[in-house]
Every structure is written in C-alpha cells, then in structure tokens.
There are 2 protein chains.
Amino acid sequence: MSDPASRPPTAQQFVLAEVRRAITSGELKPGSAIRQEALAERLEVSRVPLREALKTLEGEGLVTYRAHRGYRVAELSMADLREVYRLREILEAEAVRAAVPLLDESVFAELEAAQEVVERAAGDGAVEDMARANRRFHFTLFEAAGMPRLARIIGTLWDSTDAYRSLYYAGEENRRHVVAEHRAALAALRAGDAEGAVRWFDRHRGAAVDVLAHQLEG
Amino acid sequence: MSDPASRPPTAQQFVLAEVRRAITSGELKPGSAIRQEALAERLEVSRVPLREALKTLEGEGLVTYRAHRGYRVAELSMADLREVYRLREILEAEAVRAAVPLLDESVFAELEAAQEVVERAAGDGAVEDMARANRRFHFTLFEAAGMPRLARIIGTLWDSTDAYRSLYYAGEENRRHVVAEHRAALAALRAGDAEGAVRWFDRHRGAAVDVLAHQLEG
DNA sequence: TGTTACCGTTTTGGATCCAGTCCGGCTGAT
DNA sequence: ATCAGCCGGACTGGATCCAAAACGGTAACA
C-alpha cells in the first residue's frame with residue numbers, strides 16, 4: 001500500500017491520512033455512507049483505529065456522524081460554501097497581516113520554491129501537483145504568522161472544500177490566474193505591503209468560489 | 001452517576017460530556033496526564049469509548065496527544081491565550097455583524113432570559129450558574145448569525161480557555177462588569193447598532209483576558 | 001391498496017484480551 | 001561518581017468477539 005518505512009507509527013495515523021486523502025480527492029463521494037468493515041478491510045486494519053481516525057475527521061468537518069447510524073462523507077450546501085469562504089477571507093487576512101512583519105529570507109525562499117512548483121505544474125497541467133504546491137505556498141505564509149491555532153483553523157476550512165475544488169485546476173485559464181495572482185501577492189509581500197497582498201488573495205479566492213459555486217449547482 | 005433517562009444514547013457521548021466538564025471546570029488539571037484505565041473505570045465504561053471521546057477533545061484542542069504516550073490536558077501558554085482572544089475578537093465581531101440584521105423578537109427574548117439568569121447569579125455569587133448563563137447569552141447571539149461553522153469555531157475557542165476562566169467570576173467586581181457590559185451590548189443590539197455592540201463585547205473580552213493573563217503568570 | 005407489525009440481516013457500539021512501546025530503576029563498567 | 005545498557009512493570013495501540021440498534025423485506029390487517 002505504501003512504504004512501511006515512511007508509514008506513520010500507528011495504524012490510526014496511517015488510516016487518517018489515507019481516508020482524508022480519499023475524501024479530499026473525491027475518491028469517497030460527498031454524501032456517501034462509510035462502511036467501517038469494508039473500509040477497514042481495504043486498508044488492512046481493524047475497525048478500532050479506523051473509528052478513531054473518523055472521529056478526528058468528524059472534528060474537522062470532513063465527515064458527519066450520527067449515533068448508531070455511522071459516518072457519511074460531509075456534503076457542502078451553497079450556504080456552507082459561502083460561509084467557508086467568508087471565514088477564510090477574514091482569517092487569512094489576519095494571518096497575512098500578522099505574518100508580513102515577521103517574514104524573513106528563509107520564508108521567501110520557501111514561498112518561491114513552492115511558487116516555482118506551482119508554475120511548472122500549471123504549465124504541465126499536473127493538477128494534483130499544482131494543488132499540493134499551492135497549498136504549501138499559502139500555508140508557508142500562514143504559518144509564518146506565528147499563530148498555530150489560526151493556521152490550523154484555516155487548514156480545516158481548506159479541507160472542507162477540497163473535495164469540490166479538485167476540478168478547479170482542470171481549467172487552463174484558472175491555472176493561469178492562480179500563477180498571476182501568486183506573483184502579484186509575492187511582490188506585495190516583498191514590498192511589505194500587507195494590504196496589497198490581502199487584496200490579491202481576496203481576488204484569488206473570489207475566482208475560486210465562483211467556479212466552485214457553479215460546480216455545486218451543476 | 002447521572003439520570004440514565006437523560007444520559008446520551010452512547011457511552012462515548014456520555015464520556016465526552018463528562019470529561020469535557022471535568023477539564024473546563026479545572027477538575028482535571030492542565031498539563032496532567034490522562035490515565036485511560038483509571039478514568040474509564042471511574043466512569044464505568046471500557047477504554048474504547050473513552051478513547052474516541054478523547055479524540056474529539058483533541059480536535060477541540062482541550063487535550064494533546066502523542067503516539068504511544070497518551071493524552072494530557074492541554075496547557076495554555078501566554079502566546080496561546082493572546083492568540084485565542086485575538087481570534088475571538090475577529091470571529092465574534094463577524095458573528096455579531098452577521099446576526100444584527102437577522103435578530104427578531106424570539107432571539108431577544110432568549111437573550112433577555114439568559115441575561116436575567118446572569119444577573120441573578122451575579123448577585124448571588126453563583127459562579128457556576130453565571131458561567132453557564134453567560135455562555136448561553138453569547139451563543140444565542142452567535143447562533144443567530146446563521147453561520148454554524150463560525151459558531152462552532154468560537155465554541156472551541158471558548159472551551160480552550162474555560163479551564164482558566166473558572167476564577168474570573170469569583171471576583172465581585174468582575175461580575176458587576178459583566179452585567180453592565182451585557183446590558184450595554186443588549187441596548188446596542190436593540191438599536192440595530194452592530195458596531196456599538198461589537199465595541200462592548202471587545203471591552204468585555206479585554207477585561208477577561210487581563211485577569212486571565214494574571215492567573216496564567218501567577 | 002396502503003399501513004403496520006414482525007423478524008432476519010446488516011451495521012454500529014462496546015468489552016475484553018493480547019502485543020508493542022515507553023519509562024524508571026538497577027547493575028556494572030569506566 | 002557517572003553513565004550506558006538491560007530488565008521488568010505500566011500503559012497505550014489494536015484485534016477479536018459479543019451486544020444492541022437500525023434497516024429491509026414480508027405478511028397480516030384495516
């Protein structure tokens with residue numbers, strides 16, 4: 001299944017990563033029920049570690065739970081989507097503002113490394129790589145704010161829409177937008193212009209939410 | 001232990017409520033290790049539902065977990081405290097602004113009912129009752145915003161400081177402040193003045209964080 | 001025909017037992 | 001006296017088994 005050497009030290013951590021990936025990648029579809037026995041068998045563990053992993057995912061909002069009825073992959077309503085993006089707008093702005101005065105060359109180096117991968121993947125149409133590098137780009141910045149709870153909350157908000165976002169990067173034009181917005185935001189960050197960066201990230205999100213909203217209705 | 005009729009339908013939900021109460025009330029002290037066997041026996045369940053409850057609490061940040069080393073009651077550093085209150089400031093302001101245009105008479109009735117309990121408890125020095133009614137007051141408002149994720153995030157932020165807040169209401173003067181600030185905020189809400197209410201809540205929090213910071217250092 | 005009660009099956013919830021890891025103390029060598 | 005290595009107890013992680021609740025289909029009844 002995966003290299004045992006790089007496998008987490010406990011089964012539940014392995015299962016957690018695996019199920020999270022399956023959900024955010026859309027492999028497990030929103031709204032579908034999770035059959036514990038079947039899933040546990042597929043991952044070659046017993047139901048106990050799976051159940052603990054599902055409890056974690058419930059806390060993150062990726063699955064819903066009802067007593068004696070089990071877990072389902074969470075679904076996003078239109079109102080949910082708007083709420084998630086509104087919260088991201090507020091919280092990411094705070095993270096950027098807090099991060100800007102703390103940025104040093106090592107952070108910029110990491111940002112630019114991530115951005116390079118984003119651009120290469122965007123050119124190649126490597127959707128999966130691009131999504132991962134994009135996340136690294138943003139969270140490098142968020143984590144530089146020195147507010148671990150904030151970064152964690154933003155992370156769960158990202159996760160809750162990942163299952164729907166998978167198609168966003170499929171569009172050639174969308175990918176070009178992402179690259180351009182990242183560059184503009186980076187320039188603003190370099191200049192110490194927090195508000196400028198915030199504006200670019202707002203535009204960045206706005207484009208994504210429009211596409212996602214379309215997905216959700218179709 | 002408690003009335004079986006009102007006991008949750010699953011052991012883990014019962015355990016979850018019980019352990020959460022024990023932590024937020026300070027009965028389980030920050031930093032102390034959680035011995036699963038002993039705690040499970042005290043609650044008259046096996047370790048399985050206890051472990052699932054602890055996973056939920058980990059997601060809320062009330063306990064910390066390290067593989068093969070178990071759970072500990074979370075500790076708050078000074079930086080953590082500042083971060084939690086900063087996030088509350090931002091998120092609660094959003095909740096209030098979103099709620100104000102949606103307030104109707106039934107919400108005001110609920111707010112005033114809660115406020116009445118707060119005032120009576122404040123007068124009697126009934127610390128436990130006051131804390132509960134205070135929470136009901138604030139969350140009635142937050143939930144009126146129609147943003148369930150937002151209310152949930154704010155809830156976890158409240159929980160993470162509850163263990164330290166227990167002493168705040170012990171001070172006679174603090175209790176009077178709370179009553180006065182609630183009244184002022186309510187008046188602003190009645191007048192549809194969101195910004196005014198936000199300012200009162202900010203002052204409300206500011207007073208609490210100062211006292212808490214003192215606790216944390218002493 | 002529509003509805004409800006029943007019963008077997010499926011699935012989840014929980015208890016017990018075993019394996020693996022961690023921690024503290026002891027021993028012995030330097 | 002200090003420290004590395006080993007050993008035994010304590011505790012966590014996981015598998016299996018059993019109990020209880022929910023689901024689906026059938027049949028009896030209004």
# chains A, B, ... in the order shown; residues from 1 in each chain; ligands from 1
call {"tool": "interface_residues", "arguments": {"of": "chain B", "to": "chain C", "cutoff": "10 Å", "atoms": "only C-alpha atoms (C1' of nucleotides)", "output": "JSON, numbers by chain"}}
result
{"B": [10, 11, 12, 45, 46, 47, 48, 49, 67, 68, 69]}
call {"tool": "interface_residues", "arguments": {"of": "chain A", "to": "chain B", "cutoff": "10 Å", "atoms": "only C-alpha atoms", "output": "ChimeraX atom specification"}}
result
/A:8-10,12-13,48-49,51-61,67-68,79-80,82-84,86-87,90-91,94,146-150,153,157
call {"tool": "interface_residues", "arguments": {"of": "chain D", "to": "chain B", "cutoff": "10 Å", "atoms": "only C-alpha atoms (C1' of nucleotides)", "output": "PyMOL selection string"}}
result
chain D and resi 11-13
call {"tool": "atom_distance", "arguments": {"atom1": "atom CA of A:Leu43", "atom2": "atom CA of A:Ser25"}}
result
16.8 Å
